[in-house]
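J.: Please find one structure pasted underneath; my questions will follow.
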Protein chains: 2
Amino acid sequence: MSTEIPRVQLLLTGDELMSGDTVDSNSALIARELSGLGLTPHRRVTLGDDRHALAEEIAALCENSQVLIINGGLGPTIDDLTAAVLAEVAGNGLAEHPDALTHLQQWCHKRGLTLNAANRKQAMLPTDCTLIPNPVGSAVGFSLTVNNCLVMCTPGVPGELRAMLPVMLERLREQFGITLQKDILRLQTFGLGESTAQQLVMDNHPDWPEEVTLSFRAGAPQLEIKLSVTRAQDLPLRDRCRAWLDALFGDHIIGDGDTRMAEAVINLAREAGVAISCAESCTGGMIASMLTQIAGASDVFPGGFVTYSNALKQSVLGVQASTLESQGAVSEATVKEMVAGALDASGADLAVAVSGIAGPGGGSDDKPVGTVWLAWGDRQKIDTVCLCWPVERVLFQTMVAAAALDVLRRRLAGIGGQSRYFDQRRLR
Amino acid sequence: MSTEIPRVQLLLTGDELMSGDTVDSNSALIARELSGLGLTPHRRVTLGDDRHALAEEIAALCENSQVLIINGGLGPTIDDLTAAVLAEVAGNGLAEHPDALTHLQQWCHKRGLTLNAANRKQAMLPTDCTLIPNPVGSAVGFSLTVNNCLVMCTPGVPGELRAMLPVMLERLREQFGITLQKDILRLQTFGLGESTAQQLVMDNHPDWPEEVTLSFRAGAPQLEIKLSVTRAQDLPLRDRCRAWLDALFGDHIIGDGDTRMAEAVINLAREAGVAISCAESCTGGMIASMLTQIAGASDVFPGGFVTYSNALKQSVLGVQASTLESQGAVSEATVKEMVAGALDASGADLAVAVSGIAGPGGGSDDKPVGTVWLAWGDRQKIDTVCLCWPVERVLFQTMVAAAALDVLRRRLAGIGGQSRYFDQRRLR
């Protein structure tokens, strides 16, 4: 057991990674998991399935790192070279590993398959290696020490890699005596830009403690905010920082961990015993789709309406022809009538409606591309806002659908006042 | 001008790539574009924003390649190091590049901003470099020869990189006298597995010409099939191979290039002057959303209905209570009545309806998770099929929504017979 912080490198292999046919999401997955041990990969190399190049690269990587994680090349086909090349570099032979063979036999047996020669090749591993069990796929992983470097070999299928990472992390923790584990609190927010959030923190808390690292991961539609500490004794400090964030922009925080907007809305509606619905024009079904991607949506969502044409806005939601004629489909009056219609037609307690100009065509001086009216409410009170997101069509739909869910979230959570993006996104 | 095929390497830089906060899609984009010149990157290295490590890596990469494409590190902030490090490695100084400065001034002027010191730093480039214009962002790219290696530096923002690639490819073509350009025909298909497609070709065309490379790029829901040739004289041969594919599984081919299923459906409906609608239970709005993500969807899509609850299936679509009681919501009778109801309620000429069990809960022995009934048709004739996709919830919704669009596509295109996946996905 060593107690230095090891230098970690990654090697990704596969022709599909070099041709551009596959986007590599595995190295981000590995890096995020390693960050839990306070480790960051120093360098990553990606190579095609070329035996000579792989051997040379692995030898060089083992020379100047304490940990090398190899991903890919463990499959049954002839271009899966990792085990053979690693055996060569380590100066070990290849031998059929009895536990790997048992795993393969059981894997085939469960699926009613016979073990063929191609699959059997997956049990040929460098001698003296230690297995990394694969609970979901045929290829086992393995680790091996080469030139004082701990080499861990993992399969390229993301679901298999993910299932194997806990064992790998445990092995790293043991071998390097890693006790100072990074504790990361992740918060999901909507309607805050990264720079706005950063500025708010700096302006209000110039005394932010250096023990608590604040970082961001921008996505659409959500922004993830991370608070990390590396010592258990700093957890109370972390909690104090979280309380600061709550005070600064708590109404923009959707939830912890991976919480998605639709999940938060469904949970709040379920707790409140409120059924929700939606009437969509410019988002064209995306609000309903975001809701129904969450298991259990049916508890609170009887359904929604995609009324793309004016005729359907009238026949399905009862929007008045005179409203459409005098105000247009993208107007406050129209979305208010859409909400009332959605409540009537669905029997729900709370509904949201959107009508806007997704582009690229259809804009005017008055209502440029990106303009959208939102209305939301119940049988007592309907609120409205006009916003502008002049971005590409699908991103516009994504942001507007999330905003529609956000106004429901705020109503359900009893949050008063207005979201920051109401001001920033106002049509000028 | 040289005429060898250059050895190409990529260097990606950015702490966000090492921490796992960003998944790198740029190297796949670069690789796909390079493939049009018959070039494949040999190796790619990814590093954080570390000045010393970058300098060492760039020097090593220039030693053993003819082309090095560097991506990232051209922004205005202090951790954007590419220009400074490259100047150091090349032994050139940094100087304010007049054309880069003009670009920055114009970029700021257009946006009503004043050029600040951070932005002005982006004009400090290695002396003797050649600009690569950036038509969409502030950071200009540049190229420079270091140790006989052509180094091209590009920004990390994908949209900016994409806009700059044509000029880069032209420069590579000129410098290396590349005339034998790879001609790639891409076909989008639905309902075919990669191995099925491969097997069909091998079984029916053992004489497939080696001049025409057949390859696949599996995505959900579509599978892309590629036919590539590297010599203009082989184009007729490529056309013959395409005709073979048409004969083998032409009804599964949605279109060329990047055609998405919803795009094909909308184009066919527009040509036929047919309005379409949808009634969704398990897909929960995803069919409507796929359609409305395509600009111009409003030409043929008046709207759709997300009837998640049985109550809405009755009140909105007129499904009989007796049908729901005797057959259940996931049944042939229910989806047929949903189609009839969607035609009535929307006034469309053609509609599709789906009802199924997306999971993870809700399955039974009779109707396991993954079971779905589809119905589609007009006022004369409604067809149905029961399929089973026992996969994760959102993937299930994606595949079913694409299948719903596919049955519309087949009806609109007048394709007789049944799709292969009808047999493979039948509930057993």
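Chains: A, B, ... in order of the structure tokens. Residues: from 1 per chain. Ligands: from 1, in order shown.
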Write out as a PyMOL selection string each polymer residue whose atoms come within 10 Å of Asp128 of chain B, counting only C-alpha atoms; drop sequence neighbours fewer than 4 positions from it.

T.: chain B and resi 87+92-95+97+142-145

J.: For Gln293 of chain B, please output as a list in words all residues within 10 Å (counting only C-alpha atoms; exclusion window: fewer than 6 positions along the same chain).

T.: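 What passes the distance filter is Cys282, Thr283, Gly284, Gly285, Met286, Ala358, Arg393, Val394, Leu395 and Gln397 of chain A; Ala262 and Glu263 of chain B.
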
J.: Output as an mmCIF file with N, CA and C atoms, in the first residue's frame the set of chain B residues within 7 Å of chain A, with distances taken over only C-alpha atoms.

T.:
data_model
loop_
_atom_site.group_PDB
_atom_site.id
_atom_site.type_symbol
_atom_site.label_atom_id
_atom_site.label_comp_id
_atom_site.auth_asym_id
_atom_site.auth_seq_id
_atom_site.Cartn_x
_atom_site.Cartn_y
_atom_site.Cartn_z
ATOM 1 N N MET B 18 -11.027 16.777 -18.821
ATOM 2 C CA MET B 18 -10.378 15.831 -17.920
ATOM 3 C C MET B 18 -11.249 15.537 -16.702
ATOM 4 N N SER B 19 -12.041 16.522 -16.281
ATOM 5 C CA SER B 19 -12.857 16.335 -15.076
ATOM 6 C C SER B 19 -14.103 15.529 -15.361
ATOM 7 N N GLY B 20 -14.433 15.355 -16.639
ATOM 8 C CA GLY B 20 -15.658 14.640 -16.983
ATOM 9 C C GLY B 20 -16.871 15.549 -17.054
ATOM 10 N N ASP B 21 -16.657 16.864 -16.898
ATOM 11 C CA ASP B 21 -17.793 17.779 -17.000
ATOM 12 C C ASP B 21 -18.276 17.928 -18.438
ATOM 13 N N THR B 22 -17.364 17.737 -19.380
ATOM 14 C CA THR B 22 -17.736 17.857 -20.792
ATOM 15 C C THR B 22 -17.385 16.570 -21.521
ATOM 16 N N VAL B 23 -18.337 16.066 -22.279
ATOM 17 C CA VAL B 23 -18.081 14.938 -23.174
ATOM 18 C C VAL B 23 -17.573 15.522 -24.488
ATOM 19 N N ASP B 24 -16.441 15.016 -24.964
ATOM 20 C CA ASP B 24 -15.823 15.551 -26.171
ATOM 21 C C ASP B 24 -16.528 15.034 -27.428
ATOM 22 N N SER B 25 -17.277 15.901 -28.089
ATOM 23 C CA SER B 25 -17.877 15.498 -29.366
ATOM 24 C C SER B 25 -17.097 16.097 -30.532
ATOM 25 N N SER B 27 -13.883 15.755 -31.383
ATOM 26 C CA SER B 27 -12.940 14.923 -32.125
ATOM 27 C C SER B 27 -13.680 14.009 -33.095
ATOM 28 N N ALA B 28 -14.913 13.625 -32.754
ATOM 29 C CA ALA B 28 -15.710 12.834 -33.702
ATOM 30 C C ALA B 28 -16.083 13.681 -34.910
ATOM 31 N N LEU B 29 -16.426 14.940 -34.656
ATOM 32 C CA LEU B 29 -16.756 15.863 -35.753
ATOM 33 C C LEU B 29 -15.566 16.043 -36.681
ATOM 34 N N ALA B 31 -13.005 14.026 -37.051
ATOM 35 C CA ALA B 31 -12.689 12.765 -37.732
ATOM 36 C C ALA B 31 -13.645 12.512 -38.899
ATOM 37 N N ARG B 32 -14.920 12.793 -38.692
ATOM 38 C CA ARG B 32 -15.880 12.568 -39.780
ATOM 39 C C ARG B 32 -15.566 13.476 -40.968
ATOM 40 N N THR B 40 -7.657 9.529 -41.641
ATOM 41 C CA THR B 40 -8.135 9.130 -40.316
ATOM 42 C C THR B 40 -7.082 9.559 -39.306
ATOM 43 N N PRO B 41 -7.478 10.227 -38.215
ATOM 44 C CA PRO B 41 -6.478 10.560 -37.204
ATOM 45 C C PRO B 41 -5.851 9.269 -36.656
ATOM 46 N N HIS B 42 -4.545 9.294 -36.466
ATOM 47 C CA HIS B 42 -3.856 8.105 -35.965
ATOM 48 C C HIS B 42 -3.956 7.995 -34.451
ATOM 49 N N ARG B 43 -4.054 9.128 -33.786
ATOM 50 C CA ARG B 43 -3.904 9.124 -32.348
ATOM 51 C C ARG B 43 -4.430 10.453 -31.846
ATOM 52 N N ARG B 44 -5.003 10.412 -30.642
ATOM 53 C CA ARG B 44 -5.499 11.672 -30.100
ATOM 54 C C ARG B 44 -5.126 11.732 -28.626
ATOM 55 N N VAL B 45 -4.682 12.896 -28.202
ATOM 56 C CA VAL B 45 -4.278 13.087 -26.811
ATOM 57 C C VAL B 45 -5.155 14.181 -26.220
ATOM 58 N N THR B 46 -5.617 13.966 -24.999
ATOM 59 C CA THR B 46 -6.437 14.961 -24.316
ATOM 60 C C THR B 46 -5.738 15.354 -23.025
ATOM 61 N N LEU B 47 -5.622 16.646 -22.803
ATOM 62 C CA LEU B 47 -4.869 17.177 -21.656
ATOM 63 C C LEU B 47 -5.635 18.305 -20.988
ATOM 64 N N ARG B 217 -23.159 2.864 -38.729
ATOM 65 C CA ARG B 217 -23.081 3.676 -37.523
ATOM 66 C C ARG B 217 -24.429 3.529 -36.820
ATOM 67 N N GLY B 284 -46.196 9.473 -24.810
ATOM 68 C CA GLY B 284 -46.389 10.673 -23.995
ATOM 69 C C GLY B 284 -46.019 12.002 -24.619
ATOM 70 N N GLY B 285 -46.121 12.149 -25.921
ATOM 71 C CA GLY B 285 -45.824 13.423 -26.562
ATOM 72 C C GLY B 285 -44.583 13.362 -27.438
ATOM 73 N N MET B 286 -43.860 12.239 -27.404
ATOM 74 C CA MET B 286 -42.599 12.190 -28.146
ATOM 75 C C MET B 286 -42.813 12.143 -29.659
ATOM 76 N N ALA B 288 -45.270 13.664 -31.326
ATOM 77 C CA ALA B 288 -45.541 15.058 -31.691
ATOM 78 C C ALA B 288 -44.260 15.877 -31.620
ATOM 79 N N SER B 289 -43.450 15.636 -30.595
ATOM 80 C CA SER B 289 -42.222 16.403 -30.432
ATOM 81 C C SER B 289 -41.229 16.122 -31.556
ATOM 82 N N THR B 292 -42.497 18.081 -34.547
ATOM 83 C CA THR B 292 -42.426 19.544 -34.467
ATOM 84 C C THR B 292 -41.008 20.064 -34.273
ATOM 85 N N GLN B 293 -40.038 19.167 -34.059
ATOM 86 C CA GLN B 293 -38.643 19.603 -34.060
ATOM 87 C C GLN B 293 -38.176 19.972 -35.472
ATOM 88 N N SER B 298 -45.659 22.545 -39.286
ATOM 89 C CA SER B 298 -47.029 23.074 -39.257
ATOM 90 C C SER B 298 -47.737 22.939 -40.609
ATOM 91 N N PRO B 302 -51.541 19.534 -37.810
ATOM 92 C CA PRO B 302 -52.360 20.488 -37.060
ATOM 93 C C PRO B 302 -52.198 20.330 -35.551
ATOM 94 N N GLY B 303 -51.831 19.117 -35.123
ATOM 95 C CA GLY B 303 -51.629 18.880 -33.700
ATOM 96 C C GLY B 303 -51.859 17.426 -33.336
ATOM 97 N N GLY B 304 -51.699 17.133 -32.033
ATOM 98 C CA GLY B 304 -51.839 15.758 -31.571
ATOM 99 C C GLY B 304 -52.355 15.721 -30.149
ATOM 100 N N PHE B 305 -52.552 14.507 -29.627
ATOM 101 C CA PHE B 305 -53.209 14.330 -28.345
ATOM 102 C C PHE B 305 -52.389 13.388 -27.468
ATOM 103 N N VAL B 306 -52.083 13.842 -26.260
ATOM 104 C CA VAL B 306 -51.403 12.961 -25.311
ATOM 105 C C VAL B 306 -52.462 12.514 -24.301
ATOM 106 N N THR B 307 -53.019 11.345 -24.545
ATOM 107 C CA THR B 307 -54.093 10.833 -23.677
ATOM 108 C C THR B 307 -53.504 9.726 -22.824
ATOM 109 N N TYR B 308 -52.978 10.169 -21.680
ATOM 110 C CA TYR B 308 -52.245 9.242 -20.814
ATOM 111 C C TYR B 308 -53.238 8.451 -19.961
ATOM 112 N N SER B 309 -54.289 9.104 -19.495
ATOM 113 C CA SER B 309 -55.271 8.424 -18.632
ATOM 114 C C SER B 309 -56.386 7.822 -19.492
ATOM 115 N N LEU B 312 -59.083 10.484 -20.351
ATOM 116 C CA LEU B 312 -58.858 11.343 -21.516
ATOM 117 C C LEU B 312 -58.999 10.577 -22.831
ATOM 118 N N SER B 346 -58.879 16.055 -34.872
ATOM 119 C CA SER B 346 -57.875 16.916 -35.498
ATOM 120 C C SER B 346 -58.289 17.369 -36.894
ATOM 121 N N VAL B 394 -37.008 5.408 -21.593
ATOM 122 C CA VAL B 394 -36.900 6.468 -22.596
ATOM 123 C C VAL B 394 -36.498 5.888 -23.955
#

J.: Give me, as a list of chain:residue names, the residues of segment 125-172 of chain A that a backbone DSSP run labels strand (DSSP E).

T.: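 Everything in segment 125-172 of chain A that counts as strand (DSSP E) is A:Leu125, A:Pro126, A:Thr130, A:Leu131, A:Ile132, A:Gly141, A:Phe142, A:Ser143, A:Leu144, A:Thr145, A:Val146, A:Cys149, A:Leu150, A:Val151, A:Met152, A:Cys153, A:Thr154.
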
J.: Let's see if you can do this: from backbone DSSP, list all alpha helix (DSSP H) residues in segment 173-370 of chain B, as a PyMOL selection string.

T.: chain B and resi 173-175+194-204+235-249+261-272+286-292+310-317+321-327+332-346

J.: Could you pull the residues within 6 Å of Leu227 of chain B, counting only C-alpha atoms, minus those fewer than 3 positions along the same chain, as a list in words?

T.: Ile184, Leu185, Thr213 and Leu214 of chain B

J.: Mind giving me the straight-line distance from atom CA of Gln327 of chain A to atom CA of Val385 of chain A in Å, one decimal?

T.: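 Taking atom CA of Gln327 of chain A as the start and atom CA of Val385 of chain A as the end point, the length is 15.3 Å.
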
J.: Closest to Lys226 of chain B among B:Arg186, B:Arg411, B:Arg260, B:Arg270, using only C-alpha atoms?

T.: B:Arg186

J.: By how many Å are atom CA of Gln222 of chain B and atom CA of Gly14 of chain A apart?

T.: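 Calculated distance between atom CA of Gln222 of chain B and atom CA of Gly14 of chain A is 21.7 Å.
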
J.: Just want the 12 Å neighbourhood of segment 171-179 of chain B, counted on only C-alpha atoms, with same-chain residues fewer than 2 positions away dropped. Output as JSON, numbers by chain.

T.: {"B": [1, 2, 3, 4, 5, 6, 7, 8, 33, 34, 36, 37, 38, 39, 66, 67, 68, 69, 130, 131, 132, 142, 143, 144, 145, 148, 149, 150, 151, 152, 164, 165, 166, 167, 168, 169, 181, 182, 183, 230, 231, 232]}

J.: Enter the distance from atom CA of Glu160 of chain A to atom CA of Glu96 of chain A, in Å, rounded to one decimal.

T.: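 Result for atom CA of Glu160 of chain A versus atom CA of Glu96 of chain A: 21.5 Å, one decimal.
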
J.: Would you kindly return, as a ChimeraX atom specification, each protein, DNA or RNA residue with an atom no farther than 7 Å from any atom of Ala139 of chain B, considering only C-alpha atoms and excluding same-chain residues fewer than 4 positions away?

T.: /B:74-75,122,134,155

J.: Export, as a PDB file, in the first residue's frame, the selected residues with N, CA and C atoms.

T.:
ATOM      1  N   LEU B  74      -8.461  28.597 -26.959  1.00  0.00           N
ATOM      2  CA  LEU B  74      -8.320  29.866 -27.691  1.00  0.00           C
ATOM      3  C   LEU B  74      -9.184  30.985 -27.112  1.00  0.00           C
ATOM      4  N   GLY B  75      -9.837  30.743 -26.002  1.00  0.00           N
ATOM      5  CA  GLY B  75     -10.772  31.726 -25.438  1.00  0.00           C
ATOM      6  C   GLY B  75     -10.068  32.904 -24.789  1.00  0.00           C
ATOM      7  N   GLN B 122      -7.119  37.632 -27.320  1.00  0.00           N
ATOM      8  CA  GLN B 122      -7.359  36.641 -28.370  1.00  0.00           C
ATOM      9  C   GLN B 122      -6.705  37.013 -29.704  1.00  0.00           C
ATOM     10  N   ASN B 134     -13.059  32.644 -38.271  1.00  0.00           N
ATOM     11  CA  ASN B 134     -14.162  32.113 -37.473  1.00  0.00           C
ATOM     12  C   ASN B 134     -15.400  32.946 -37.794  1.00  0.00           C
ATOM     13  N   PRO B 155     -11.033  26.590 -31.991  1.00  0.00           N
ATOM     14  CA  PRO B 155     -11.701  26.800 -30.699  1.00  0.00           C
ATOM     15  C   PRO B 155     -12.561  25.595 -30.298  1.00  0.00           C
TER      16      PRO B 155
END

J.: Go through B:Val265, B:Ala333, B:Ile415, B:Ala272 one by one, measure the shortest atom-to-atom distance of each to Ala402 of chain B using only C-alpha atoms, and give the residue with the smallest value.

T.: B:Val265
